[in-house]
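Below is work.cif, which holds mmCIF, C-alpha atoms and all ligand atoms.
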data_input
loop_
_atom_site.label_atom_id
_atom_site.label_comp_id
_atom_site.auth_asym_id
_atom_site.auth_seq_id
_atom_site.Cartn_x
_atom_site.Cartn_y
_atom_site.Cartn_z
CA MET G 18 -12.53 -14.02 7.84
CA THR G 19 -13.18 -14.97 11.43
CA GLN G 20 -10.97 -13.85 14.26
CA GLN G 21 -10.22 -17.50 15.00
CA GLN G 22 -8.95 -18.15 11.46
CA GLU G 23 -6.77 -15.07 11.66
CA ASN G 24 -5.27 -16.16 14.96
CA GLU G 25 -4.51 -19.68 13.79
CA GLN G 26 -2.90 -19.11 10.41
CA GLY G 27 -2.01 -15.44 10.31
CA PRO G 28 -3.96 -12.89 8.27
CA ALA G 29 -2.20 -13.49 4.93
CA ARG G 30 -2.89 -17.23 4.85
CA ALA G 31 -6.42 -16.73 6.13
CA LEU G 32 -7.12 -14.25 3.32
CA PHE G 33 -5.59 -16.64 0.79
CA ALA G 34 -7.84 -19.47 1.99
CA GLU G 35 -10.84 -17.20 1.72
CA ALA G 36 -9.91 -16.03 -1.77
CA THR G 37 -9.20 -19.50 -3.15
CA ALA G 38 -12.53 -20.79 -1.86
CA ARG G 39 -14.28 -18.35 -4.19
CA GLU G 40 -14.70 -18.35 -7.92
CA PHE G 41 -14.27 -15.27 -10.02
CA GLU G 42 -14.91 -14.84 -13.71
CA THR G 43 -12.47 -11.98 -14.22
CA ALA G 44 -9.55 -10.28 -12.49
CA THR G 45 -11.72 -7.19 -12.03
CA GLU G 46 -14.31 -9.22 -10.16
CA ARG G 47 -11.60 -10.62 -7.91
CA LEU G 48 -10.11 -7.16 -7.28
CA GLU G 49 -13.55 -5.74 -6.48
CA TRP G 50 -14.18 -8.54 -4.03
CA LEU G 51 -10.84 -7.90 -2.40
CA TYR G 52 -11.46 -4.16 -2.18
CA GLY G 53 -14.83 -4.96 -0.59
CA THR G 54 -13.39 -7.23 2.10
CA ARG G 55 -10.35 -5.07 2.88
CA ILE G 56 -11.87 -1.58 2.68
CA ASP G 57 -15.68 -1.47 2.36
CA GLN G 58 -16.39 -3.98 5.09
CA ARG G 59 -14.04 -2.70 7.75
CA LYS G 60 -15.43 -0.91 10.78
CA ASP G 61 -15.97 2.82 10.26
CA PRO G 62 -12.75 4.31 11.59
CA SER G 63 -14.01 7.83 12.14
CA ALA G 64 -16.76 9.61 14.02
CA LEU G 65 -17.19 11.81 10.93
CA GLU G 66 -19.56 10.46 8.31
CA TRP G 67 -17.91 12.24 5.38
CA LEU G 68 -14.48 10.94 6.41
CA ASN G 69 -15.75 7.34 6.49
CA ARG G 70 -17.27 7.87 3.06
CA LEU G 71 -13.97 9.26 1.79
CA ILE G 72 -12.06 6.26 3.15
CA LYS G 73 -14.42 3.71 1.62
CA GLY G 74 -15.31 5.43 -1.62
CA GLY G 75 -12.44 7.85 -2.26
CA ALA G 76 -10.50 5.40 -4.44
CA ARG G 77 -13.50 4.66 -6.63
CA GLY G 78 -14.10 6.20 -10.03
CA LEU G 79 -10.38 6.82 -10.61
CA GLY G 80 -9.54 3.65 -12.52
CA HIS G 81 -7.28 2.53 -9.71
CA ILE G 82 -8.80 -0.66 -8.32
CA ASP G 83 -8.54 -2.61 -11.57
CA ASN G 84 -5.65 -0.74 -13.19
CA ALA G 85 -3.57 -2.73 -15.71
CA MET G 86 -0.84 -3.61 -13.20
CA HIS G 87 -3.31 -4.85 -10.58
CA VAL G 88 -5.02 -6.94 -13.26
CA ALA G 89 -1.72 -8.44 -14.47
CA ILE G 90 -0.70 -9.30 -10.88
CA THR G 91 -4.08 -10.87 -10.23
CA ASP G 92 -4.68 -12.80 -13.46
CA GLY G 93 -1.31 -14.56 -13.31
CA SER G 94 -0.26 -13.37 -16.78
CA LEU G 95 3.19 -12.10 -15.75
CA SER G 96 6.22 -14.31 -16.16
CA ASP G 97 8.38 -14.83 -13.06
CA GLY G 98 10.89 -12.38 -14.55
CA GLU G 99 8.22 -9.73 -15.05
CA PHE G 100 6.92 -10.33 -11.56
CA ALA G 101 10.45 -9.92 -10.19
CA GLN G 102 10.79 -6.63 -12.03
CA PHE G 103 7.51 -5.41 -10.63
CA LEU G 104 8.52 -6.36 -7.09
CA ALA G 105 11.84 -4.54 -7.40
CA ALA G 106 10.15 -1.35 -8.62
CA TYR G 107 7.57 -1.67 -5.86
CA TYR G 108 10.38 -2.05 -3.32
CA TRP G 109 12.17 1.08 -4.54
CA GLY G 110 9.00 3.14 -4.62
CA SER G 111 6.58 2.08 -1.91
CA ASN G 112 9.04 0.51 0.44
CA TYR G 113 12.62 1.76 0.45
CA GLY G 114 11.83 5.18 -1.06
CA PHE G 115 8.93 5.77 1.32
CA ASN G 116 11.06 4.89 4.36
CA LYS G 117 14.36 6.42 3.38
CA THR G 118 13.27 9.50 1.45
CA VAL G 119 9.62 10.46 1.95
CA LEU G 120 9.25 10.03 5.72
CA PRO G 121 12.59 11.46 6.92
CA GLY G 122 12.35 14.33 4.40
CA THR G 123 8.87 15.17 5.68
CA LEU G 124 10.01 15.11 9.28
CA LYS G 125 12.78 17.56 8.45
CA SER G 126 10.61 19.92 6.47
CA THR G 127 7.58 20.26 8.72
CA GLY G 128 7.32 22.58 11.70
CA ASN G 129 3.84 21.52 12.76
CA ASP G 130 4.22 19.68 16.08
CA TRP G 131 1.24 17.54 15.58
CA TYR G 132 2.25 16.43 12.07
CA ARG G 133 5.79 15.75 13.30
CA GLU G 134 4.40 13.44 15.98
CA TYR G 135 2.31 11.67 13.37
CA ILE G 136 5.26 11.12 11.02
CA LYS G 137 7.44 9.93 13.92
CA ASN G 138 4.77 7.36 14.75
CA ILE G 139 4.74 6.07 11.18
CA ILE G 140 8.54 5.84 11.22
CA ARG G 141 8.37 3.85 14.44
CA GLU G 142 5.77 1.52 12.93
CA GLU G 143 7.82 1.07 9.77
CA ASN G 144 10.69 -0.13 11.94
CA THR G 145 8.71 -2.61 14.05
CA PRO G 146 9.74 -5.37 14.61
CA SER G 147 12.56 -4.33 12.24
CA SER G 148 12.68 -2.11 9.14
CA HIS G 149 9.95 -3.15 6.71
CA TRP G 150 12.16 -2.44 3.73
CA GLY G 151 14.81 -4.73 5.23
CA ILE G 152 12.23 -7.51 5.66
CA PHE G 153 11.09 -7.05 2.06
CA LYS G 154 14.66 -7.04 0.80
CA ARG G 155 15.38 -10.34 2.54
CA TYR G 156 12.22 -11.80 1.07
CA MET G 157 13.38 -10.76 -2.41
CA GLN G 158 16.73 -12.42 -1.74
CA THR G 159 15.00 -15.62 -0.66
CA LEU G 160 13.20 -15.61 -4.02
CA GLY G 161 16.55 -15.06 -5.76
CA PHE G 162 15.41 -11.72 -7.23
CA GLU G 163 17.74 -8.82 -7.86
CA LEU G 164 16.71 -5.36 -6.70
CA GLY G 165 18.91 -3.54 -9.20
CA GLU G 166 18.66 0.25 -9.38
CA PRO G 167 15.48 2.30 -8.77
CA PRO G 168 13.63 2.49 -12.10
CA GLU G 169 12.09 5.73 -13.42
CA SER G 170 8.61 4.68 -12.24
CA ALA G 171 9.79 4.41 -8.62
CA GLN G 172 11.83 7.62 -8.71
CA ASP G 173 8.85 9.50 -10.06
CA PHE G 174 6.56 8.02 -7.41
CA VAL G 175 8.94 8.97 -4.60
CA ARG G 176 8.98 12.57 -5.93
CA LYS G 177 5.19 12.67 -6.03
CA ASN G 178 4.87 11.08 -2.58
CA THR G 179 7.28 13.63 -1.18
CA ALA G 180 5.21 16.46 -2.65
CA GLY G 181 2.04 14.92 -1.19
CA TYR G 182 3.41 14.43 2.33
CA GLN G 183 4.98 17.86 2.33
CA ALA G 184 2.00 19.76 0.92
CA GLU G 185 -0.07 22.19 2.96
CA LEU G 186 -1.24 20.38 6.13
CA GLY G 187 -4.84 19.46 5.19
CA HIS G 188 -3.75 18.14 1.82
CA ALA G 189 -0.79 16.30 3.37
CA ILE G 190 -2.86 14.52 6.00
CA GLY G 191 -5.50 13.55 3.40
CA TYR G 192 -2.70 12.22 1.25
CA ALA G 193 -1.22 10.21 4.14
CA LEU G 194 -4.65 8.83 4.99
CA ALA G 195 -5.14 7.50 1.45
CA VAL G 196 -1.69 5.89 1.49
CA GLU G 197 -2.59 3.97 4.66
CA VAL G 198 -6.06 2.98 3.46
CA GLU G 199 -4.94 2.00 -0.02
CA SER G 200 -1.91 -0.01 1.01
CA ASP G 201 -4.09 -2.52 2.84
CA PHE G 202 -5.82 -3.34 -0.44
CA GLN G 203 -2.69 -3.25 -2.60
CA LEU G 204 -0.59 -5.35 -0.23
CA SER G 205 -3.44 -7.85 -0.05
CA LEU G 206 -3.55 -8.32 -3.79
CA ILE G 207 0.23 -8.64 -4.03
CA ALA G 208 0.26 -11.09 -1.11
CA LEU G 209 -2.40 -13.29 -2.74
CA ALA G 210 -0.46 -13.49 -6.02
CA LEU G 211 2.80 -14.27 -4.23
CA MET G 212 1.28 -16.95 -2.04
CA LYS G 213 0.05 -18.69 -5.14
CA ARG G 214 3.27 -18.29 -7.12
CA PHE G 215 5.92 -18.71 -4.43
CA PRO G 216 4.12 -20.45 -1.57
CA ARG G 217 7.14 -21.53 0.46
CA ALA G 218 9.11 -18.27 0.52
CA THR G 219 5.92 -16.29 1.06
CA ALA G 220 4.88 -18.45 4.00
CA GLU G 221 8.25 -17.75 5.60
CA THR G 222 8.27 -13.95 5.49
CA ILE G 223 6.43 -11.90 8.11
CA PHE G 224 6.14 -8.97 5.68
CA PHE G 225 2.55 -9.59 4.64
CA ASP G 226 1.26 -10.64 8.03
CA ILE G 227 2.51 -7.52 9.77
CA HIS G 228 0.78 -5.37 7.15
CA LEU G 229 -2.47 -7.31 6.78
CA ASP G 230 -2.99 -7.79 10.51
CA SER G 231 -5.68 -5.48 11.87
CA SER G 232 -2.91 -3.76 13.86
CA GLY G 233 -1.26 -2.91 10.49
CA GLU G 234 -2.63 -0.59 7.83
CA GLU G 235 -6.14 -0.63 9.26
CA GLU G 236 -4.85 0.69 12.56
CA HIS G 237 -2.65 3.26 10.78
CA ALA G 238 -5.72 4.53 8.94
CA ARG G 239 -7.66 4.77 12.19
CA MET G 240 -4.81 6.67 13.80
CA THR G 241 -4.68 9.05 10.85
CA CYS G 242 -8.42 9.68 11.18
CA GLY G 243 -7.94 10.66 14.81
CA ALA G 244 -5.40 13.18 13.68
CA VAL G 245 -7.65 14.58 10.96
CA GLU G 246 -10.43 15.04 13.51
CA GLN G 247 -8.18 16.88 15.97
CA LEU G 248 -6.80 19.19 13.32
CA LEU G 249 -10.28 19.96 11.98
CA ASP G 250 -11.46 20.76 15.51
CA ALA G 251 -8.50 23.05 16.00
CA GLY G 252 -9.36 24.81 12.74
CA GLN G 253 -5.91 23.99 11.34
CA ILE G 254 -7.16 22.15 8.26
CA HIS G 255 -10.21 22.10 5.99
CA ARG G 256 -12.27 19.23 4.75
CA GLU G 257 -11.83 20.10 1.03
CA ASP G 258 -8.04 19.95 1.33
CA VAL G 259 -8.18 16.57 3.07
CA GLU G 260 -10.40 15.26 0.27
CA ALA G 261 -8.15 16.67 -2.45
CA GLY G 262 -5.05 15.17 -0.82
CA PHE G 263 -6.74 11.79 -0.55
CA VAL G 264 -7.65 11.73 -4.24
CA GLN G 265 -4.16 12.87 -5.24
CA ALA G 266 -2.54 9.97 -3.39
CA ILE G 267 -4.81 7.47 -5.15
CA VAL G 268 -4.03 9.05 -8.54
CA ASP G 269 -0.27 8.99 -7.81
CA THR G 270 -0.42 5.36 -6.69
CA ARG G 271 -2.44 4.40 -9.76
CA ASP G 272 0.04 6.16 -12.04
CA PHE G 273 2.94 4.40 -10.32
CA MET G 274 1.22 1.08 -11.03
CA LEU G 275 0.60 2.01 -14.67
CA ALA G 276 4.21 3.16 -15.10
CA MET G 277 5.50 -0.12 -13.65
CA HIS G 278 3.21 -2.01 -15.98
CA GLU G 279 4.71 -0.16 -18.96
CA GLU G 280 8.24 -0.88 -17.74
CA VAL G 281 7.53 -4.55 -17.19
CA ARG G 282 5.99 -4.84 -20.65
CA ASP G 283 8.74 -2.89 -22.41
CA ALA G 284 11.66 -4.69 -20.82
CA GLN G 285 13.75 -7.00 -22.94
CA PRO G 286 13.87 -10.39 -21.33
CA ILE G 287 16.96 -10.31 -19.14
CA ALA G 288 19.19 -13.20 -18.22
CA GLN G 289 17.42 -15.64 -15.96
CA ILE G 290 19.11 -14.92 -12.67
CA TRP G 291 16.37 -16.50 -10.59
FE FE G 301 5.34 -1.08 6.37
FE FE G 302 0.96 2.02 7.22
#

Give the structure from this file in structure tokens form.
Amino acid sequence: MTQQQENEQGPARALFAEATAREFETATERLEWLYGTRIDQRKDPSALEWLNRLIKGGARGLGHIDNAMHVAITDGSLSDGEFAQFLAAYYWGSNYGFNKTVLPGTLKSTGNDWYREYIKNIIREENTPSSHWGIFKRYMQTLGFELGEPPESAQDFVRKNTAGYQAELGHAIGYALAVEVESDFQLSLIALALMKRFPRATAETIFFDIHLDSSGEEEHARMTCGAVEQLLDAGQIHREDVEAGFVQAIVDTRDFMLAMHEEVRDAQPIAQIW
């Protein structure tokens, strides 16, 4: 999308316009296109060739891009109730759990000054202009969706995320890098589905714009690259650990998606509260 389009309508609506102008035969094709525009085509964030390759190709070959949950979100096959259940699980795992458990727990448990600074930065970002989980919660309320209790899928994901962020430094920073890179793609696909399904409420929230803006996840990924480069230079981390951490985060995110898909499919239809 052009810079002008982004400025005029905000990045979420601009992406939606771009996506609806195209025709796709399958959900996989649409997801691949989206991955291409959000990840492959962005400017190389690092001075290191292997790190750029990891960022652009590290999620490939793991069955993540077109996992069953991504396909169901994209092909419109979920009922509103199933979509609501997915969003609640997503909130508890990627949103509330990440902000209230993973980040503060990591800050407490790490003694590395540099990593502490990095985590503090992410916490600051996650609270600008106000807490992102709060913004998402209000959006859910606007839709009339209940958040309920954290389901098993989300609890498990928060445990795995915690282990990833609190692993040995090279692994941890690779893990954090993948989370930032991947979330740009995942939030894009969720935003597109929501704009189609609930256009008015979705146009009103700033949640997707603040994440899809180039100052959002793309900038977080760039910042994380800077950190990886410094730590490599200082001999504090090794390339193989960064790569392993990156892959682990993609696998954990994929498994969270698959677990949510199972939960959504298994659930008995509950009373229509929306
Ligand atoms: Fe956020
Ligand atoms: Fe981020």

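Picture a line from CA of Arg176 (chain G) to CA of Asp269 (chain G); it runs 10.1 Å.
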
- Query: Contacts of Asp226 (chain G) at 6 Å or less, counting all atoms listed in the file, minus same-chain residues fewer than 3 places along, as a ChimeraX atom specification?
  - Reply: /G:28-29,223,229-230

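Omitting Gly165 (chain G) and its sequence neighbours fewer than 5 positions away, and counting only C-alpha atoms, the residues within 12 Å are Ala101, Gln102, Phe103, Leu104, Ala105, Ala106, Tyr107, Tyr108, Trp109, Lys154, Met157, Gln158 and Ile290 of chain G.
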
- Query: Which chains and residue numbers are within 12 Å of ligand FE 301 (chain G), counting only C-alpha atoms and all ligand atoms, if I want them as an NGL selection string?
  - Reply: :G and (108 or 111-116 or 120 or 138-153 or 196-197 or 200-201 or 204 or 223-230 or 232-235 or 237)

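Considering all atoms listed in the file, the residue among G:Glu236, G:Asp83, G:Asp272, G:Glu279 positioned nearest to Asp61 (chain G) is G:Glu236.
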
Contacts of Thr45 (chain G) at 7 Å (all atoms listed in the file; same-chain gap of 3+ positions) as a PDB file with C-alpha atoms, in the frame of the given file:
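Once everything was written out, this is part-v1.pdb:
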ATOM      1  CA  LEU G  48     -10.110  -7.160  -7.280  1.00  0.00           C
ATOM      2  CA  GLU G  49     -13.550  -5.740  -6.480  1.00  0.00           C
ATOM      3  CA  ASP G  83      -8.540  -2.610 -11.570  1.00  0.00           C
ATOM      4  CA  VAL G  88      -5.020  -6.940 -13.260  1.00  0.00           C
TER       5      VAL G  88
END

- Task: Could you please give me, as a ChimeraX atom specification, the residues of protein, DNA or RNA lying at most 10 Å from (-1.6, 19.0, 2.2) in the coordinate frame of the file, considering all atoms listed in the file?
- Result: /G:180-193,254-255,258-263,265

- Query: What gap, in Å, lies between CA of Val264 (chain G) and CA of Gly75 (chain G)?
  - Reply: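 Computing it gives 6.5 Å between the two atoms.
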
- Query: Looking at G:Val281, G:Leu209, G:Val198, G:Leu249, which one is nearest to ligand FE 302 (chain G), with distances taken over all atoms listed in the file?
  - Reply: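 Of the candidates, the smallest distance to ligand FE 302 (chain G) is held by G:Val198.
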
- Query: Pick from G:Lys177, G:His87, G:Arg256, G:Arg239: nearest to ligand FE 302 (chain G), with only C-alpha atoms and all ligand atoms counted?
  - Reply: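 Ranked by minimum distance to ligand FE 302 (chain G), first place goes to G:Arg239.
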
- Query: Of the candidates G:Ala85, G:Met240, G:Ile267, G:Ile72, which one gets nearest to ligand FE 302 (chain G) if we count all atoms listed in the file?
  - Reply: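 Counting all atoms listed in the file, the residue closest to ligand FE 302 (chain G) is G:Met240.
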
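A straight line drawn from CA of Ile56 (chain G) to atom FE of ligand FE 302 (chain G) is 14.1 Å long.
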
- Just the residues within 12 Å of Trp131 (chain G), please, counting all atoms listed in the file, with nothing from its chain fewer than 6 positions along; format it as a list of chain:residue names.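 Skipping anything fewer than 6 positions along the chain leaves G:Leu124, G:Lys137, G:Asn138, G:Leu186, G:Ile190, G:Thr241, G:Gly243, G:Ala244, G:Val245, G:Gln247, G:Leu248, G:Ala251, G:Gln253.
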
Using all atoms of region 131-137 of chain G that appear in the file, construct an axis-aligned enclosing box with 5 Å of padding on every side and provide its centre coordinates and edge lengths in Å, rounded to one decimal, as lines of an AutoDock Vina configuration file.
center_x = 4.3
center_y = 13.7
center_z = 13.5
size_x = 16.2
size_y = 17.6
size_z = 15.0

- Would you kindly return, as a list in words, each protein, DNA or RNA residue with an atom no farther than 10 Å from any atom of Leu65 (chain G), considering only C-alpha atoms and excluding same-chain residues fewer than 5 positions away?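 Neighbouring residues, sequence-local ones excluded: Arg70, Cys242, Val245 and Glu246 of chain G.
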
- Item | Among the residues G:Arg30, G:Gly74, G:Thr118, G:Thr270, the one that comes closest to Pro216 (chain G) [using all atoms listed in the file] | G:Arg30

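With all atoms listed in the file as the atoms that count, the minimum distance from ligand FE 302 (chain G) to the choices G:Ile90, G:Ala276, G:Leu194, G:Ala208 is reached by G:Leu194.
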